[in-house]
file data20.pdb (PDB, C-alpha atoms)
ATOM      1  CA  MET B  29      22.929  -4.676 111.585
ATOM      2  CA  THR B  30      22.467  -6.127 115.064
ATOM      3  CA  SER B  31      19.741  -3.574 115.771
ATOM      4  CA  THR B  32      17.785  -4.619 112.669
ATOM      5  CA  ARG B  33      18.271  -8.291 113.496
ATOM      6  CA  ASN B  34      16.987  -7.750 117.046
ATOM      7  CA  LEU B  35      14.053  -5.781 115.677
ATOM      8  CA  LEU B  36      13.087  -8.567 113.254
ATOM      9  CA  LEU B  37      13.571 -11.177 115.963
ATOM     10  CA  GLY B  38      11.296  -9.223 118.329
ATOM     11  CA  PHE B  39       8.698  -8.773 115.599
ATOM     12  CA  THR B  40       8.705 -12.462 114.685
ATOM     13  CA  ALA B  41       8.633 -13.624 118.309
ATOM     14  CA  SER B  42       5.757 -11.299 119.223
ATOM     15  CA  LEU B  43       3.756 -12.343 116.148
ATOM     16  CA  LEU B  44       4.259 -16.047 116.895
ATOM     17  CA  LEU B  45       3.292 -15.466 120.524
ATOM     18  CA  ALA B  46       0.135 -13.643 119.379
ATOM     19  CA  ILE B  47      -0.780 -16.618 117.156
ATOM     20  CA  VAL B  48      -0.262 -18.962 120.118
ATOM     21  CA  PHE B  49      -2.447 -16.741 122.335
ATOM     22  CA  GLN B  50      -5.109 -16.791 119.619
ATOM     23  CA  LEU B  51      -5.007 -20.610 119.576
ATOM     24  CA  VAL B  52      -5.103 -21.205 123.340
ATOM     25  CA  ARG B  53      -8.340 -22.912 124.281
ATOM     26  CA  LEU B  54     -10.427 -20.890 126.723
ATOM     27  CA  PRO B  55     -13.606 -21.769 128.618
ATOM     28  CA  ASP B  56     -16.715 -21.015 126.578
ATOM     29  CA  ILE B  57     -17.650 -18.083 128.781
ATOM     30  CA  LEU B  58     -14.290 -16.374 128.082
ATOM     31  CA  ALA B  59     -13.753 -17.522 124.500
ATOM     32  CA  ALA B  60     -16.313 -15.099 123.076
ATOM     33  CA  ALA B  61     -14.437 -12.137 124.564
ATOM     34  CA  ARG B  62     -10.950 -13.234 123.481
ATOM     35  CA  PRO B  63      -8.914 -10.223 122.351
ATOM     36  CA  LEU B  64      -7.811 -10.101 118.735
ATOM     37  CA  TRP B  65      -4.168 -10.831 119.572
ATOM     38  CA  VAL B  66      -2.765 -10.986 116.046
ATOM     39  CA  PRO B  67      -4.335  -7.692 114.903
ATOM     40  CA  LEU B  68      -3.183  -6.124 118.182
ATOM     41  CA  VAL B  69       0.449  -7.108 117.662
ATOM     42  CA  LEU B  70       0.468  -6.255 113.958
ATOM     43  CA  ALA B  71      -1.123  -2.868 114.651
ATOM     44  CA  TYR B  72       1.512  -2.172 117.303
ATOM     45  CA  TRP B  73       4.359  -2.904 114.907
ATOM     46  CA  ALA B  74       2.700  -1.005 112.048
ATOM     47  CA  LEU B  75       2.300   1.982 114.349
ATOM     48  CA  ARG B  76       5.665   2.008 116.102
ATOM     49  CA  GLU B  77       8.159   0.734 113.562
ATOM     50  CA  SER B  78       8.350   2.187 110.076
ATOM     51  CA  ARG B  79      11.429   0.092 109.207
ATOM     52  CA  ILE B  80       9.346  -3.093 109.121
ATOM     53  CA  SER B  81       6.785  -3.595 106.392
ATOM     54  CA  THR B  82       3.938  -5.381 108.138
ATOM     55  CA  LEU B  83       1.635  -5.944 105.154
ATOM     56  CA  LEU B  84       3.277  -9.161 103.945
ATOM     57  CA  PRO B  85       3.595 -10.633 107.457
ATOM     58  CA  ALA B  86      -0.071  -9.716 108.036
ATOM     59  CA  PHE B  87      -1.052 -11.633 104.924
ATOM     60  CA  VAL B  88       1.078 -14.663 105.852
ATOM     61  CA  ALA B  89      -0.203 -14.658 109.452
ATOM     62  CA  GLY B  90      -3.760 -14.382 108.121
ATOM     63  CA  ILE B  91      -3.309 -17.386 105.841
ATOM     64  CA  ALA B  92      -1.802 -19.303 108.768
ATOM     65  CA  LEU B  93      -4.823 -18.414 110.948
ATOM     66  CA  ASP B  94      -7.173 -19.490 108.156
ATOM     67  CA  VAL B  95      -5.454 -22.869 107.970
ATOM     68  CA  LEU B  96      -5.262 -23.294 111.756
ATOM     69  CA  PHE B  97      -8.910 -22.353 112.334
ATOM     70  CA  GLY B  98     -10.275 -24.073 109.234
ATOM     71  CA  SER B  99     -11.876 -20.858 108.037
ATOM     72  CA  PRO B 100     -12.258 -19.882 104.369
ATOM     73  CA  LEU B 101      -8.834 -19.259 102.884
ATOM     74  CA  GLY B 102      -8.117 -15.544 102.887
ATOM     75  CA  GLN B 103     -10.652 -14.516 105.535
ATOM     76  CA  HIS B 104      -8.173 -13.571 108.245
ATOM     77  CA  ALA B 105      -5.601 -12.487 105.675
ATOM     78  CA  LEU B 106      -8.027  -9.923 104.267
ATOM     79  CA  GLY B 107      -8.904  -8.573 107.700
ATOM     80  CA  LEU B 108      -5.303  -8.356 108.897
ATOM     81  CA  VAL B 109      -4.025  -6.682 105.733
ATOM     82  CA  ILE B 110      -6.784  -4.066 105.873
ATOM     83  CA  VAL B 111      -6.167  -3.308 109.569
ATOM     84  CA  VAL B 112      -2.411  -3.009 109.032
ATOM     85  CA  TYR B 113      -2.924  -0.841 105.947
ATOM     86  CA  ILE B 114      -5.195   1.544 107.868
ATOM     87  CA  VAL B 115      -2.765   1.804 110.782
ATOM     88  CA  GLU B 116       0.226   2.330 108.477
ATOM     89  CA  ARG B 117      -1.591   5.024 106.500
ATOM     90  CA  LEU B 118      -2.665   6.850 109.664
ATOM     91  CA  ARG B 119       0.626   6.362 111.531
ATOM     92  CA  GLY B 120       1.447  10.069 111.332
ATOM     93  CA  ILE B 121      -1.784  10.929 113.124
ATOM     94  CA  PHE B 122      -1.730   8.087 115.661
ATOM     95  CA  ILE B 123       1.832   8.868 116.717
ATOM     96  CA  LEU B 124       0.722  12.327 117.868
ATOM     97  CA  PHE B 125      -2.025  10.977 120.106
ATOM     98  CA  PRO B 126      -1.508  10.106 123.753
ATOM     99  CA  LEU B 127      -2.120   6.442 124.514
ATOM    100  CA  TRP B 128      -5.714   6.887 125.648
ATOM    101  CA  GLN B 129      -6.671   8.768 122.462
ATOM    102  CA  ALA B 130      -4.902   6.239 120.248
ATOM    103  CA  THR B 131      -6.855   3.513 122.057
ATOM    104  CA  PHE B 132     -10.149   5.134 121.078
ATOM    105  CA  ALA B 133      -8.894   5.984 117.584
ATOM    106  CA  LEU B 134      -8.138   2.301 116.925
ATOM    107  CA  ILE B 135     -11.666   1.104 117.785
ATOM    108  CA  PRO B 136     -12.839   1.498 114.155
ATOM    109  CA  ALA B 137      -9.947  -0.731 112.997
ATOM    110  CA  TRP B 138     -10.912  -3.484 115.454
ATOM    111  CA  ALA B 139     -14.590  -3.076 114.501
ATOM    112  CA  LEU B 140     -13.744  -3.297 110.800
ATOM    113  CA  TYR B 141     -11.767  -6.501 111.384
ATOM    114  CA  SER B 142     -14.672  -8.031 113.333
ATOM    115  CA  PHE B 143     -17.132  -6.905 110.666
ATOM    116  CA  LEU B 144     -15.038  -8.516 107.913
ATOM    117  CA  MET B 145     -14.909 -11.788 109.861
ATOM    118  CA  PHE B 146     -18.693 -11.576 110.404
ATOM    119  CA  TRP B 147     -19.304 -10.743 106.740
ATOM    120  CA  VAL B 148     -17.187 -13.590 105.344
ATOM    121  CA  ASP B 149     -18.715 -16.032 107.835
ATOM    122  CA  GLY B 150     -22.179 -14.910 106.744
ATOM    123  CA  ALA B 151     -21.287 -15.260 103.068
ATOM    124  CA  THR B 152     -20.014 -18.795 103.683
ATOM    125  CA  ARG B 153     -22.990 -19.689 105.901
ATOM    126  CA  HIS B 154     -21.030 -20.066 109.155
ATOM    127  CA  GLN B 155     -23.552 -18.937 111.705
ATOM    128  CA  ALA B 156     -22.593 -17.295 114.985
ATOM    129  CA  ASP B 157     -24.387 -15.070 117.422
ATOM    130  CA  ALA B 158     -24.165 -11.573 115.972
ATOM    131  CA  TRP B 159     -23.843  -9.863 119.355
ATOM    132  CA  LEU B 160     -20.989 -12.093 120.489
ATOM    133  CA  ARG B 161     -19.024 -11.027 117.411
ATOM    134  CA  TRP B 162     -18.519  -7.567 118.916
ATOM    135  CA  LEU B 163     -17.134  -8.641 122.305
ATOM    136  CA  PRO B 164     -13.579  -9.019 120.926
ATOM    137  CA  VAL B 165     -13.697  -5.370 119.837
ATOM    138  CA  LEU B 166     -14.273  -4.360 123.456
ATOM    139  CA  SER B 167     -11.645  -6.718 124.894
ATOM    140  CA  THR B 168      -9.100  -5.709 122.235
ATOM    141  CA  THR B 169      -9.695  -2.053 123.035
ATOM    142  CA  LEU B 170      -9.146  -2.769 126.726
ATOM    143  CA  PHE B 171      -5.945  -4.759 126.053
ATOM    144  CA  TRP B 172      -4.387  -2.206 123.683
ATOM    145  CA  PRO B 173      -2.906   0.056 126.423
ATOM    146  CA  LEU B 174      -1.506  -2.979 128.240
ATOM    147  CA  LEU B 175       0.052  -4.494 125.117
ATOM    148  CA  PHE B 176       1.409  -1.126 124.006
ATOM    149  CA  SER B 177       3.012  -0.460 127.394
ATOM    150  CA  VAL B 178       4.540  -3.932 127.670
ATOM    151  CA  MET B 179       5.918  -3.835 124.122
ATOM    152  CA  GLU B 180       7.373  -0.360 124.664
ATOM    153  CA  ALA B 181       9.035  -1.530 127.889
ATOM    154  CA  LEU B 182      10.503  -4.555 126.102
ATOM    155  CA  ARG B 183      11.822  -2.424 123.260
ATOM    156  CA  GLN B 184      13.664   0.014 125.554
ATOM    157  CA  PRO B 185      17.404  -0.518 125.512
ATOM    158  CA  PRO B 186      18.863  -1.506 128.878
ATOM    159  CA  GLU B 187      20.266   1.388 130.850
ATOM    160  CA  ASP B 188      23.989   1.224 131.508
ATOM    161  CA  GLU B 189      25.012   2.040 135.025
TER     162      GLU B 189
END
call {"tool": "encode", "arguments": {"input": "data20.pdb", "output": "structure tokens"}}
result
Amino acid sequence: MTSTRNLLLGFTASLLLAIVFQLVRLPDILAAARPLWVPLVLAYWALRESRISTLLPAFVAGIALDVLFGSPLGQHALGLVIVVYIVERLRGIFILFPLWQATFALIPAWALYSFLMFWVDGATRHQADAWLRWLPVLSTTLFWPLLFSVMEALRQPPEDE
């Protein structure tokens, strides 16, 4: 029971921290390359922990991001649910990959999320530079090994001496 409680607490804390990181104001030159923190964290939990269903939290986090960013309701929710669904469905394959291969295998998920954001923004006439839309895919890909390693280190039980 304590293990499950700690797991849910870690999941909730990491998701809230990812939302905060997504909201932190950055200088304009860095803002375009901001990693996709919420999809990163949700993909990590969808990949590493089968005991937690991440589809509903992805939807709720997406609605929260839509409200916080003032974007069309459901835009981020759609993207997050699709990314989490893909990662959950391919968990058996991703788990076999070393970290560097999993990093490259997740690029289509990040690209799909960015494309969905670009597509919904285009449909609702929110204009943005098309090339700058793809910078988060690169930064997210570069941050995946770091996030994965840190989260794995945090999840390790303390060694008794």
call {"tool": "closest_residue", "arguments": {"input": "data20.pdb", "among": "B:Ser142, B:Gln50, B:Ser42, B:Ser31", "to": "B:Leu108", "atoms": "all atoms listed in the file"}}
result
B:Ser142
call {"tool": "closest_residue", "arguments": {"input": "data20.pdb", "among": "B:Pro55, B:Arg183, B:Asp149, B:Gly38", "to": "B:Gly98", "atoms": "only C-alpha atoms"}}
result
B:Asp149
call {"tool": "resolve_selection", "arguments": {"input": "data20.pdb", "expression": "the PyMOL selection byres ((chain B and resi 77) around 12)", "output": "PyMOL selection string"}}
result
chain B and resi 32+35-36+38-39+69-76+78-82+115-116+119-120+123+179-180+183
call {"tool": "residues_around", "arguments": {"input": "data20.pdb", "residues": "B:Phe87", "least_positions_apart": "4", "cutoff": "7 Å", "atoms": "only C-alpha atoms", "output": "list in words"}}
result
Leu83, Ile91, Ala105, Leu108 and Val109 of chain B
call {"tool": "residues_around", "arguments": {"input": "data20.pdb", "residues": "B:Phe171", "least_positions_apart": "2", "cutoff": "10 Å", "atoms": "all atoms listed in the file", "output": "list of chain:residue names"}}
result
B:Pro63, B:Leu64, B:Trp65, B:Leu68, B:Thr131, B:Val165, B:Leu166, B:Ser167, B:Thr168, B:Thr169, B:Pro173, B:Leu174, B:Leu175, B:Phe176
call {"tool": "closest_residue", "arguments": {"input": "data20.pdb", "among": "B:Ala60, B:Val111, B:Ala92, B:Leu127", "to": "B:Leu160", "atoms": "only C-alpha atoms"}}
result
B:Ala60
call {"tool": "closest_residue", "arguments": {"input": "data20.pdb", "among": "B:Phe132, B:Phe125, B:Phe143, B:Tyr113", "to": "B:Leu163", "atoms": "only C-alpha atoms"}}
result
B:Phe143
call {"tool": "resolve_selection", "arguments": {"input": "data20.pdb", "expression": "the PyMOL selection byres ((chain B and resi 101) around 12)", "output": "PyMOL selection string"}}
result
chain B and resi 87-100+102-107+145+148-149+152
call {"tool": "atom_distance", "arguments": {"input": "data20.pdb", "atom1": "atom CA of B:Pro67", "atom2": "atom CA of B:Asn34"}}
result
21.4 Å
call {"tool": "closest_residue", "arguments": {"input": "data20.pdb", "among": "B:Leu44, B:Ala137, B:Ala156, B:Val112", "to": "B:Ala86", "atoms": "only C-alpha atoms"}}
result
B:Val112
call {"tool": "atom_distance", "arguments": {"input": "data20.pdb", "atom1": "atom CA of B:Ile121", "atom2": "atom CA of B:Val66"}}
result
22.1 Å
call {"tool": "atom_distance", "arguments": {"input": "data20.pdb", "atom1": "atom CA of B:Val52", "atom2": "atom CA of B:Ile114"}}
result
27.5 Å
call {"tool": "closest_residue", "arguments": {"input": "data20.pdb", "among": "B:Gln155, B:Trp172, B:Phe122, B:Arg161", "to": "B:Tyr141", "atoms": "only C-alpha atoms"}}
result
B:Arg161
call {"tool": "axis_aligned_box", "arguments": {"input": "data20.pdb", "around": "stretch 103-119 of chain B", "padding_each_side": "3 Å", "output": "AutoDock Vina command-line options"}}
result
--center_x -5.0 --center_y -3.8 --center_z 107.9 --size_x 17.3 --size_y 27.4 --size_z 13.3
call {"tool": "decode", "arguments": {"input": "data20.pdb", "residues": "stretch 150-174 of chain B", "atoms": "N, CA and C atoms", "output": "short mmCIF file (atom, residue, chain, number, x, y, z; two decimals), in the first residue's frame"}}
result
data_model
loop_
_atom_site.label_atom_id
_atom_site.label_comp_id
_atom_site.auth_asym_id
_atom_site.auth_seq_id
_atom_site.Cartn_x
_atom_site.Cartn_y
_atom_site.Cartn_z
N GLY B 150 -3.53 26.16 -36.61
CA GLY B 150 -3.86 26.58 -37.97
C GLY B 150 -5.36 26.58 -38.21
N ALA B 151 -6.05 25.58 -37.68
CA ALA B 151 -7.50 25.50 -37.86
C ALA B 151 -8.22 26.62 -37.12
N THR B 152 -7.62 27.10 -36.04
CA THR B 152 -8.25 28.18 -35.27
C THR B 152 -7.63 29.54 -35.58
N ARG B 153 -6.82 29.59 -36.61
CA ARG B 153 -6.20 30.82 -37.12
C ARG B 153 -5.26 31.50 -36.12
N HIS B 154 -4.55 30.70 -35.33
CA HIS B 154 -3.47 31.21 -34.48
C HIS B 154 -2.18 31.01 -35.26
N GLN B 155 -1.65 32.09 -35.75
CA GLN B 155 -0.47 32.00 -36.60
C GLN B 155 0.81 31.97 -35.77
N ALA B 156 1.74 31.14 -36.21
CA ALA B 156 3.07 31.07 -35.61
C ALA B 156 4.03 30.65 -36.71
N ASP B 157 5.27 30.95 -36.52
CA ASP B 157 6.28 30.58 -37.50
C ASP B 157 6.36 29.05 -37.57
N ALA B 158 6.15 28.52 -38.75
CA ALA B 158 6.10 27.06 -38.92
C ALA B 158 7.40 26.39 -38.54
N TRP B 159 8.52 27.01 -38.82
CA TRP B 159 9.82 26.38 -38.51
C TRP B 159 10.10 26.37 -37.01
N LEU B 160 9.62 27.37 -36.30
CA LEU B 160 9.85 27.41 -34.85
C LEU B 160 9.02 26.36 -34.12
N ARG B 161 7.99 25.85 -34.77
CA ARG B 161 7.15 24.81 -34.17
C ARG B 161 7.91 23.51 -33.96
N TRP B 162 8.98 23.30 -34.70
CA TRP B 162 9.70 22.02 -34.65
C TRP B 162 10.90 22.05 -33.71
N LEU B 163 11.27 23.22 -33.21
CA LEU B 163 12.37 23.30 -32.25
C LEU B 163 12.09 22.52 -30.96
N PRO B 164 10.87 22.54 -30.42
CA PRO B 164 10.62 21.74 -29.21
C PRO B 164 10.82 20.24 -29.42
N VAL B 165 10.62 19.77 -30.64
CA VAL B 165 10.87 18.34 -30.91
C VAL B 165 12.34 18.03 -30.68
N LEU B 166 13.21 18.90 -31.17
CA LEU B 166 14.65 18.70 -30.99
C LEU B 166 15.04 18.81 -29.52
N SER B 167 14.57 19.85 -28.84
CA SER B 167 14.94 20.02 -27.43
C SER B 167 14.36 18.91 -26.56
N THR B 168 13.16 18.44 -26.87
CA THR B 168 12.57 17.35 -26.10
C THR B 168 13.37 16.07 -26.30
N THR B 169 13.80 15.83 -27.53
CA THR B 169 14.62 14.66 -27.81
C THR B 169 15.94 14.73 -27.05
N LEU B 170 16.52 15.90 -26.95
CA LEU B 170 17.78 16.06 -26.23
C LEU B 170 17.58 15.93 -24.71
N PHE B 171 16.42 16.32 -24.19
CA PHE B 171 16.17 16.24 -22.76
C PHE B 171 15.69 14.87 -22.30
N TRP B 172 15.22 14.03 -23.22
CA TRP B 172 14.68 12.73 -22.83
C TRP B 172 15.70 11.89 -22.04
N PRO B 173 16.94 11.71 -22.50
CA PRO B 173 17.88 10.90 -21.71
C PRO B 173 18.14 11.48 -20.32
N LEU B 174 18.19 12.79 -20.22
CA LEU B 174 18.41 13.43 -18.92
C LEU B 174 17.23 13.18 -17.99
#
